[in-house]
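Undergrad: Coordinates in entry.txt, compact mmCIF, C-alpha atoms and all ligand atoms, are listed below.
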```txt
# COMPACT_ATOMS: atom_id res chain seq x y z
CA MET A 1 85.59 138.15 155.94
CA LYS A 2 83.01 139.02 153.28
CA VAL A 3 79.93 136.82 152.84
CA SER A 4 77.38 137.57 150.10
CA PHE A 5 73.92 136.27 149.34
CA LEU A 6 73.05 136.24 145.66
CA GLY A 7 69.25 136.44 145.54
CA ALA A 8 67.98 137.58 148.90
CA GLY A 9 64.35 136.41 149.10
CA ALA A 10 63.00 134.27 151.94
CA ILE A 11 66.01 132.01 152.51
CA GLY A 12 68.75 134.45 151.52
CA SER A 13 67.58 137.43 153.55
CA MET A 14 66.82 135.35 156.67
CA PHE A 15 70.19 133.57 156.72
CA ALA A 16 72.01 136.82 155.85
CA ALA A 17 70.28 138.76 158.63
CA LEU A 18 70.84 136.00 161.20
CA LEU A 19 74.51 135.79 160.26
CA ARG A 20 74.90 139.58 160.47
CA LYS A 21 73.16 139.63 163.86
CA HIS A 22 75.12 136.76 165.43
CA ALA A 23 78.48 137.54 163.84
CA PRO A 24 78.57 141.37 163.53
CA GLU A 25 82.30 141.28 162.70
CA LEU A 26 81.43 139.76 159.30
CA ASP A 27 80.91 141.87 156.21
CA VAL A 28 77.51 140.52 155.01
CA LEU A 29 76.01 141.70 151.71
CA VAL A 30 72.61 140.88 150.22
CA VAL A 31 72.09 141.16 146.47
CA VAL A 32 68.45 142.12 146.19
CA ARG A 33 65.81 142.99 143.63
CA GLY A 34 62.06 143.61 143.34
CA ALA A 35 59.80 145.10 145.98
CA HIS A 36 61.54 143.22 148.80
CA GLY A 37 64.89 144.58 147.62
CA GLN A 38 63.45 148.09 147.38
CA ALA A 39 62.24 147.96 150.99
CA ILE A 40 65.63 146.66 152.23
CA SER A 41 67.46 149.39 150.32
CA GLU A 42 65.22 152.18 151.64
CA ARG A 43 65.52 151.06 155.29
CA GLY A 44 69.07 149.63 155.19
CA GLU A 45 67.82 146.75 157.29
CA ILE A 46 65.87 143.50 157.18
CA GLU A 47 63.07 142.84 159.62
CA ILE A 48 63.22 139.24 160.85
CA VAL A 49 60.46 137.43 162.69
CA GLY A 50 60.96 134.18 164.58
CA PRO A 51 61.16 132.63 168.04
CA TRP A 52 63.36 135.58 169.04
CA GLY A 53 60.43 137.95 168.37
CA GLU A 54 60.81 140.75 165.81
CA GLU A 55 64.11 142.41 165.09
CA ARG A 56 65.51 144.88 162.60
CA VAL A 57 68.99 143.91 161.43
CA PRO A 58 71.06 146.56 159.60
CA ILE A 59 72.51 145.05 156.44
CA ALA A 60 74.65 146.03 153.45
CA TRP A 61 72.68 145.63 150.22
CA SER A 62 73.15 146.03 146.48
CA PHE A 63 71.06 145.66 143.34
CA ASP A 64 74.20 144.77 141.40
CA PRO A 65 75.34 141.10 141.43
CA GLN A 66 78.86 142.34 140.57
CA ASP A 67 79.09 143.70 144.12
CA VAL A 68 79.77 140.19 145.41
CA ALA A 69 83.36 140.95 144.29
CA GLY A 70 85.89 140.27 147.06
CA SER A 71 83.64 137.75 148.84
CA ASP A 72 85.13 134.74 150.58
CA ILE A 73 81.79 132.95 150.41
CA VAL A 74 78.85 133.55 148.05
CA PHE A 75 75.57 131.85 148.92
CA VAL A 76 73.27 131.32 145.95
CA THR A 77 69.69 131.52 147.17
CA VAL A 78 67.71 132.23 144.00
CA LYS A 79 65.05 129.78 142.83
CA SER A 80 66.56 126.96 140.78
CA GLN A 81 65.31 128.30 137.44
CA ALA A 82 67.13 131.62 138.09
CA THR A 83 70.51 130.05 138.89
CA GLN A 84 72.25 130.44 135.55
CA ALA A 85 71.11 134.00 134.97
CA ALA A 86 72.27 135.00 138.47
CA LEU A 87 75.64 133.28 138.02
CA GLN A 88 76.10 134.94 134.64
CA GLN A 89 75.50 138.37 136.19
CA ALA A 90 77.94 137.70 139.03
CA GLN A 91 80.42 135.61 137.04
CA THR A 92 83.33 138.02 136.71
CA ALA A 93 83.02 139.02 140.37
CA LEU A 94 83.06 135.53 141.89
CA GLY A 95 86.87 135.47 142.02
CA ASP A 96 88.08 132.66 144.28
CA ALA A 97 84.98 132.65 146.48
CA LEU A 98 83.50 129.43 147.76
CA VAL A 99 80.07 129.26 146.10
CA VAL A 100 77.32 127.64 148.14
CA SER A 101 73.88 126.64 146.87
CA ILE A 102 70.97 126.57 149.31
CA GLN A 103 68.25 125.60 146.85
CA ASN A 104 65.82 122.83 146.04
CA GLY A 105 66.47 120.85 142.89
CA ILE A 106 69.59 119.09 141.65
CA ASN A 107 71.12 121.96 139.74
CA ASP A 108 74.83 121.16 140.11
CA ALA A 109 75.28 121.14 136.32
CA GLN A 110 74.07 124.74 136.10
CA TYR A 111 77.16 125.81 138.05
CA GLY A 112 79.47 124.20 135.48
CA GLY A 113 81.45 126.83 133.61
CA PHE A 114 80.96 129.35 136.43
CA VAL A 115 82.48 127.62 139.48
CA PRO A 116 85.13 124.88 139.63
CA LEU A 117 83.94 121.76 141.47
CA GLU A 118 86.41 122.21 144.33
CA ARG A 119 84.88 125.62 145.14
CA LEU A 120 81.25 124.50 144.91
CA VAL A 121 79.25 123.37 147.95
CA MET A 122 75.69 122.09 147.69
CA GLY A 123 73.21 122.66 150.52
CA MET A 124 69.76 121.42 151.49
CA THR A 125 67.61 123.08 154.13
CA THR A 126 64.60 121.68 155.95
CA THR A 127 63.79 125.11 157.39
CA ASN A 128 60.90 127.15 156.09
CA MET A 129 61.20 130.91 155.60
CA ALA A 130 58.72 133.33 154.05
CA VAL A 131 58.73 136.95 152.88
CA LEU A 132 55.70 138.24 154.79
CA GLU A 133 55.79 141.64 153.12
CA PRO A 134 58.59 143.58 151.41
CA GLY A 135 61.46 143.98 153.87
CA ARG A 136 60.04 141.52 156.43
CA VAL A 137 60.90 137.79 156.55
CA SER A 138 59.76 135.12 158.92
CA MET A 139 61.16 131.80 160.06
CA GLN A 140 58.06 129.60 159.83
CA LEU A 141 59.91 126.41 160.73
CA ASP A 142 63.35 125.71 162.16
CA GLY A 143 65.39 122.66 161.11
CA CYS A 144 68.73 121.50 159.82
CA THR A 145 70.69 122.71 156.83
CA LEU A 146 73.16 120.19 155.44
CA PHE A 147 76.11 120.87 153.16
CA GLY A 148 78.27 118.56 151.09
CA PRO A 149 80.16 118.10 147.84
CA ALA A 150 78.69 118.76 144.43
CA THR A 151 78.06 115.84 142.07
CA GLY A 152 81.42 114.67 140.72
CA SER A 153 83.36 115.72 143.80
CA SER A 154 83.88 114.02 147.16
CA GLY A 155 85.77 116.62 149.19
CA THR A 156 84.06 118.14 152.22
CA THR A 157 86.55 120.88 153.08
CA GLY A 158 84.32 123.60 151.64
CA ALA A 159 81.23 122.21 153.38
CA GLN A 160 83.10 122.19 156.70
CA GLN A 161 84.04 125.86 156.23
CA VAL A 162 80.40 126.77 155.53
CA VAL A 163 79.12 124.85 158.55
CA GLU A 164 81.72 126.49 160.78
CA LEU A 165 80.54 129.89 159.53
CA LEU A 166 76.81 129.26 159.93
CA ARG A 167 77.20 127.71 163.38
CA ARG A 168 77.86 131.22 164.61
CA ILE A 169 74.09 131.63 164.32
CA GLN A 170 72.88 130.74 167.78
CA VAL A 171 69.17 130.09 167.34
CA SER A 172 67.72 127.07 169.10
CA GLY A 173 66.40 124.59 166.51
CA LEU A 174 68.59 125.85 163.66
CA ASP A 175 71.33 123.29 163.01
CA PHE A 176 74.04 123.10 160.39
CA ALA A 177 76.02 119.98 159.52
CA VAL A 178 78.23 118.40 156.88
CA GLU A 179 76.67 115.50 154.94
CA ARG A 180 79.01 113.54 152.69
CA ASN A 181 76.07 112.13 150.67
CA VAL A 182 74.27 115.46 150.37
CA LEU A 183 72.94 114.32 146.97
CA GLY A 184 71.07 111.54 148.81
CA VAL A 185 69.37 113.98 151.20
CA ARG A 186 68.63 116.40 148.37
CA TYR A 187 66.87 113.65 146.39
CA ASN A 188 65.07 112.60 149.56
CA LYS A 189 63.68 116.13 150.01
CA LEU A 190 63.02 116.42 146.29
CA THR A 191 60.69 113.39 146.50
CA ILE A 192 58.71 115.03 149.32
CA ASN A 193 58.46 118.16 147.19
CA ALA A 194 57.44 116.08 144.15
CA LEU A 195 54.56 114.64 146.21
CA GLY A 196 53.70 117.98 147.76
CA TYR A 197 53.65 119.71 144.39
CA ALA A 198 51.11 117.14 143.14
CA SER A 199 48.86 118.07 146.07
CA CYS A 200 49.17 121.76 145.13
CA LEU A 201 47.64 121.12 141.70
CA SER A 202 44.26 120.94 143.44
CA ALA A 203 45.18 123.39 146.23
CA SER A 204 44.80 120.48 148.64
CA ASN A 205 46.28 120.37 152.14
CA PHE A 206 49.20 117.95 151.60
CA ILE A 207 48.54 115.79 154.66
CA THR A 208 44.81 115.98 155.41
CA GLU A 209 43.32 116.36 151.91
CA ALA A 210 45.91 114.49 149.84
CA LEU A 211 47.83 111.81 151.77
CA ALA A 212 44.95 111.10 154.18
CA TYR A 213 42.43 110.80 151.32
CA ARG A 214 42.63 107.18 150.16
CA PRO A 215 41.86 107.72 146.43
CA TRP A 216 44.60 110.40 146.21
CA ARG A 217 47.05 108.39 148.28
CA LEU A 218 46.64 105.25 146.15
CA GLY A 219 46.03 106.98 142.82
CA VAL A 220 48.59 109.80 142.97
CA GLY A 221 50.83 109.54 146.05
CA ARG A 222 51.84 105.92 145.74
CA PRO A 223 52.63 106.07 141.98
CA ILE A 224 54.85 109.13 142.54
CA VAL A 225 56.81 107.43 145.34
CA GLU A 226 57.12 104.17 143.36
CA GLU A 227 58.27 106.02 140.25
CA CYS A 228 60.86 108.06 142.17
CA ARG A 229 62.22 104.91 143.81
CA LYS A 230 62.40 103.10 140.47
CA VAL A 231 64.32 106.01 138.93
CA PHE A 232 66.67 106.33 141.93
CA SER A 233 67.42 102.63 141.74
CA ALA A 234 68.11 102.84 137.98
CA GLY A 235 70.26 105.93 138.52
CA GLY A 236 72.23 104.47 141.44
CA ILE A 237 71.01 107.25 143.78
CA GLU A 238 71.41 106.27 147.40
CA ILE A 239 68.77 108.07 149.45
CA THR A 240 70.04 109.32 152.81
CA LYS A 241 67.80 110.09 155.78
CA ILE A 242 66.98 113.69 156.64
CA PRO A 243 67.65 114.13 160.36
CA GLY A 244 64.64 115.03 162.48
CA ARG A 245 62.22 115.94 159.68
CA SER A 246 59.65 114.38 157.42
CA ASP A 247 61.46 112.43 154.80
CA LEU A 248 60.64 109.75 152.28
CA SER A 249 60.76 106.83 154.72
CA ARG A 250 58.52 108.65 157.22
CA ILE A 251 56.00 109.59 154.53
CA VAL A 252 55.95 106.02 153.23
CA ASN A 253 55.38 104.75 156.79
CA LEU A 254 52.56 107.26 157.19
CA MET A 255 50.98 106.10 153.93
CA HIS A 256 51.21 102.45 155.06
CA ALA A 257 49.69 103.28 158.44
CA LEU A 258 46.82 105.17 156.79
CA ASN A 259 46.08 102.08 154.67
CA MET A 260 45.47 99.92 157.77
CA PRO A 261 41.77 99.50 158.68
CA ILE A 262 41.77 100.49 162.39
CA LEU A 263 45.20 102.08 162.80
CA GLY A 264 44.49 104.17 159.67
CA LYS A 265 41.43 105.80 161.26
CA MET A 266 43.39 106.58 164.44
CA VAL A 267 46.30 108.09 162.49
CA GLN A 268 43.86 110.09 160.39
CA MET A 269 42.32 111.62 163.50
CA ALA A 270 45.73 112.36 165.00
CA ILE A 271 47.03 114.18 161.93
CA LYS A 272 43.76 115.98 161.19
CA GLY A 273 43.95 118.38 164.13
CA LYS A 274 47.63 119.10 163.73
CA PHE A 275 47.85 119.65 159.97
CA GLU A 276 44.55 121.47 159.58
CA ARG A 277 45.78 124.04 162.08
CA SER A 278 49.26 124.36 160.56
CA PRO A 279 49.24 123.08 156.99
CA ILE A 280 52.48 122.52 155.09
CA VAL A 281 52.54 125.19 152.38
CA PHE A 282 54.67 124.47 149.33
CA SER A 283 56.20 127.28 147.27
CA LEU A 284 54.52 125.87 144.16
CA TYR A 285 51.13 126.74 145.63
CA GLN A 286 52.24 130.28 146.54
CA ASP A 287 53.84 130.80 143.12
CA LEU A 288 50.71 129.59 141.29
CA LYS A 289 48.52 131.89 143.39
CA LYS A 290 50.77 134.85 142.57
CA GLY A 291 50.93 133.89 138.88
CA LYS A 292 54.73 133.45 139.14
CA PRO A 293 56.78 130.76 137.34
CA THR A 294 57.21 127.71 139.56
CA GLU A 295 60.20 125.47 140.33
CA VAL A 296 58.41 122.34 139.02
CA ASP A 297 60.90 121.75 136.18
CA HIS A 298 63.57 121.34 138.87
CA ILE A 299 61.54 119.09 141.17
CA ASN A 300 59.24 116.64 139.34
CA GLY A 301 61.07 117.64 136.14
CA GLN A 302 64.36 116.52 137.69
CA ILE A 303 62.95 113.01 138.18
CA VAL A 304 61.97 112.99 134.50
CA ARG A 305 65.47 114.09 133.41
CA LEU A 306 67.19 111.60 135.71
CA ALA A 307 64.96 108.83 134.31
CA GLU A 308 65.82 109.78 130.72
CA SER A 309 69.53 109.94 131.52
CA VAL A 310 69.49 106.31 132.69
CA GLY A 311 67.29 104.97 129.88
CA THR A 312 63.96 104.81 131.69
CA THR A 313 60.87 107.01 131.95
CA ALA A 314 58.93 108.88 134.64
CA PRO A 315 55.46 109.45 133.13
CA VAL A 316 53.75 110.27 136.43
CA ASN A 317 56.17 113.07 137.31
CA ALA A 318 56.06 114.23 133.67
CA GLU A 319 52.27 114.57 133.99
CA ILE A 320 52.65 116.63 137.20
CA VAL A 321 55.04 118.93 135.31
CA ALA A 322 52.62 119.23 132.37
CA MET A 323 49.64 119.95 134.64
CA THR A 324 51.62 122.61 136.52
CA HIS A 325 52.51 124.33 133.25
CA GLU A 326 48.81 124.27 132.31
CA LEU A 327 48.04 126.14 135.53
CA GLU A 328 50.94 128.56 135.02
CA GLU A 329 49.43 129.55 131.68
CA LYS A 330 46.05 130.33 133.24
CA SER A 331 45.68 133.41 135.39
CA GLY A 332 46.84 132.89 139.00
CA ASP A 333 44.57 131.23 141.55
CA THR A 334 43.24 128.56 139.15
CA PHE A 335 43.56 124.93 140.24
CA PHE A 336 42.37 121.48 139.16
CA SER A 337 39.84 119.57 141.23
CA ARG A 338 41.34 116.78 143.32
CA GLN A 339 39.42 114.26 141.20
CA ASP A 340 40.91 115.71 137.97
CA VAL A 341 44.40 115.05 139.33
CA ILE A 342 43.49 111.51 140.43
CA ASP A 343 41.90 110.78 137.02
CA ARG A 344 44.85 112.05 135.00
CA ILE A 345 47.41 110.07 136.97
CA THR A 346 45.24 106.96 137.16
CA LYS A 347 44.83 107.02 133.38
CA LEU A 348 48.62 106.80 133.05
CA THR A 349 49.16 104.09 135.60
CA ALA A 350 46.31 101.99 134.22
CA ILE A 351 48.12 101.68 130.85
N1 LIG A 401 61.58 129.47 151.42
C1 LIG A 401 61.82 128.31 151.99
O1 LIG A 401 61.37 128.04 153.11
C2 LIG A 401 62.67 127.27 151.32
C3 LIG A 401 62.91 126.08 152.03
C4 LIG A 401 63.74 125.13 151.45
C5 LIG A 401 64.30 125.35 150.23
N2 LIG A 401 64.04 126.51 149.57
C6 LIG A 401 64.69 126.71 148.28
O2 LIG A 401 65.60 127.79 148.40
C7 LIG A 401 65.68 128.51 147.16
C8 LIG A 401 65.32 129.96 147.42
O3 LIG A 401 63.96 129.97 147.83
P1 LIG A 401 63.24 131.26 148.41
O4 LIG A 401 61.97 130.79 149.00
O5 LIG A 401 64.18 132.06 149.22
O6 LIG A 401 62.93 132.03 147.05
P2 LIG A 401 62.52 133.57 146.87
O7 LIG A 401 61.87 134.07 148.11
O8 LIG A 401 61.82 133.66 145.57
O9 LIG A 401 63.95 134.28 146.79
C9 LIG A 401 64.74 134.30 145.66
C10 LIG A 401 65.15 135.73 145.45
O10 LIG A 401 66.14 135.81 144.44
C11 LIG A 401 65.81 136.92 143.61
N3 LIG A 401 66.53 136.77 142.34
C12 LIG A 401 66.24 135.98 141.29
N4 LIG A 401 67.16 136.14 140.32
C13 LIG A 401 68.04 137.06 140.77
C14 LIG A 401 69.20 137.67 140.23
N5 LIG A 401 69.64 137.34 139.02
N6 LIG A 401 69.87 138.58 140.97
C15 LIG A 401 69.43 138.92 142.19
N7 LIG A 401 68.32 138.39 142.76
C16 LIG A 401 67.64 137.48 142.06
C17 LIG A 401 64.32 136.85 143.50
O11 LIG A 401 63.78 138.03 142.98
P3 LIG A 401 62.36 137.95 142.17
O12 LIG A 401 61.33 137.59 143.19
O13 LIG A 401 62.26 139.30 141.62
O14 LIG A 401 62.52 136.86 141.13
C18 LIG A 401 63.98 136.62 144.98
O15 LIG A 401 64.02 137.81 145.69
C19 LIG A 401 64.71 127.78 146.21
O16 LIG A 401 65.40 126.84 145.45
C20 LIG A 401 63.74 127.08 147.17
O17 LIG A 401 63.13 125.94 146.62
C21 LIG A 401 63.24 127.48 150.08
```
For the file at hand, write its structure as structure tokens.
Ligand SMILES: NC(=O)c1ccc[n+]([C@@H]2O[C@H](COP(=O)([O-])OP(=O)(O)OC[C@H]3O[C@@H](n4cnc5c(N)ncnc54)[C@H](OP(=O)(O)O)[C@@H]3O)[C@@H](O)[C@H]2O)c1

TA:
Amino acid sequence: MKVSFLGAGAIGSMFAALLRKHAPELDVLVVVRGAHGQAISERGEIEIVGPWGEERVPIAWSFDPQDVAGSDIVFVTVKSQATQAALQQAQTALGDALVVSIQNGINDAQYGGFVPLERLVMGMTTTNMAVLEPGRVSMQLDGCTLFGPATGSSGTTGAQQVVELLRRIQVSGLDFAVERNVLGVRYNKLTINALGYASCLSASNFITEALAYRPWRLGVGRPIVEECRKVFSAGGIEITKIPGRSDLSRIVNLMHALNMPILGKMVQMAIKGKFERSPIVFSLYQDLKKGKPTEVDHINGQIVRLAESVGTTAPVNAEIVAMTHELEEKSGDTFFSRQDVIDRITKLTAI
């Protein structure tokens, strides 16, 4: 069985290497590029770091997306904004492969014209992986990865096949499951990212400097959550819980608790130690620091598009998108002050 990963960065190279290690009978290929790809091609292996320690996993690699030809399953693990270009490059080689997205964003429509609905599986992962240096990836956080049908389809046969395959990876804390309403968990995670991205505009620690700071929580956090919920309700999106991880309902509960006079102080102290030591780092922050294009058009921008498609608006998320683009145009490592962000969002919500 041949399994390919189109776009082997943090997620793609970690899942590919783990699959190769735990199921050596599989023919696993990574389609690589850039400095990370160069390192993999020179060594013929990927170095993976995690609870298992450090390991070098030999892997088949290619710089040519056409080399996915003959695959039974092709995982698409490029950033959302690179999806169409990657599919175009691999298009004639996809054959009858099951194509599986493990990406943030609701980019099902981008697959239209490249993959028929019955061969498309959409995934959402709560894990966190990072490329530490070219050729070396780390599992920062374990978690579940859920798979289900693409928008417009209801069949779960493909998702079941993918879960069966990935369950060969025997790493404690890494779980794979089928989720019929995968769109609901994807929008759930997208809302957390929409909030987190807003905190990145001022390079603020998401929990301790954004959510735990009352003016940000009330002036930025709450309007984002309220706007997302309004748009989901207008769009008939049913949010589904994310098993075992921070999701929208947990974040809303945390925000409520922080608003309470005495309980709020206690919660603040409890989270301070934990999240100052191990802050949640969003890719938007890393991309802005490196001067790379961000995924914001597919996160906060997706809320704006969904709103427009159902005849409403999402001005708060639109402002987060606009402010991110302002930062993208400046040289990397430039951020707003936290007060700037609060002022710009408050101005909108005061109208
Ligand atoms: N990392 C995480 O922990 C995490 C967690 C949850 C969800 N996600 C989502 O998973 C997706 C992948 O994220 P990631 O962190 O793995 O991103 P990443 O590290 O940037 O990996 C994407 C890789 O795809 C490459 N690529 C782009 N276009 C390509 C093409 N046409 N052909 C071949 N390779 C191509 C990129 O190369 P260049 O760098 O040269 O563009 C990069 O190496 C994103 O949607 C992200 O939001 C990530």

Undergrad: Taking only C-alpha atoms and all ligand atoms into account, report as JSON, numbers by chain which residues have an atom no farther than 8 Å from an atom of ligand LIG 401 (chain A).

TA: {"A": [6, 7, 8, 9, 10, 11, 12, 13, 31, 32, 33, 34, 35, 36, 37, 63, 64, 65, 77, 78, 79, 80, 82, 83, 85, 86, 87, 89, 102, 103, 104, 105, 124, 125, 126, 127, 128, 129, 130, 131, 139, 140, 141, 283, 295]}

Undergrad: What does the structure give for the distance between CA of Gly143 in chain A and CA of Arg167 in chain A, in Å to one decimal?

TA: 13.0 Å

Undergrad: Can you measure CA of Leu94 in chain A to CA of Ala150 in chain A for me? One decimal in Å is fine.

TA: 17.5 Å

Undergrad: Interatomic distance between CA of Leu19 in chain A and CA of Phe147 in chain A?

TA: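 Between CA of Leu19 in chain A and CA of Phe147 in chain A the gap works out to 16.6 Å.
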
Undergrad: Select, from A:Val121, A:Val137, A:Ala177, A:Val57, the residue with the minimum atom-to-atom distance to Ser154 in chain A, counting all atoms listed in the file.

TA: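 Among A:Val121, A:Val137, A:Ala177, A:Val57, it is A:Val121 that comes nearest to Ser154 in chain A.
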
Undergrad: Using all atoms listed in the file, give me every residue within 10 Å of (60.6, 104.2, 139.8) in file coordinates, as a list in words.

TA: Pro223, Ile224, Val225, Glu226, Glu227, Cys228, Arg229, Lys230, Val231, Phe232, Ser233, Ala234, Gly235, Ile303, Ala307, Thr312, Thr313, Ala314, Pro315 and Val316 of chain A

Undergrad: Name all residues at most 8 Å from range 193-209 of chain A (count all atoms listed in the file; drop same-chain ones fewer than 4 positions away) and give them as a ChimeraX atom specification.

TA: /A:189,213,220-221,224-225,268,271-272,275-276,279-282,284-285,296,299-300,317,320,323-324,327,335-338,341

Undergrad: Between A:Val185, A:Leu254, A:Leu306, A:Leu120, which has the minimum distance to Gly236 in chain A (counting only C-alpha atoms)?

TA: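 Distance minimum relative to Gly236 in chain A lands on A:Leu306.
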
Undergrad: Skip Gly148 in chain A itself and residues of its chain fewer than 3 positions away, then list as a list of chain:residue names all residues within 6 Å of it, counting all atoms listed in the file.

TA: A:Val121, A:Met122, A:Thr156, A:Ala159, A:Val178, A:Glu179, A:Arg180, A:Val182

Undergrad: Select, from A:Ser62, A:Gln302, A:Thr92, A:Gln161, the residue with the minimum atom-to-atom distance to Ala109 in chain A, counting all atoms listed in the file.

TA: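 Closest candidate: A:Gln302.
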
Undergrad: With only C-alpha atoms as the atoms that count, which of A:Pro51, A:Gly113, A:Pro215, A:Pro149 lies nearest to Ser101 in chain A?

TA: A:Pro149
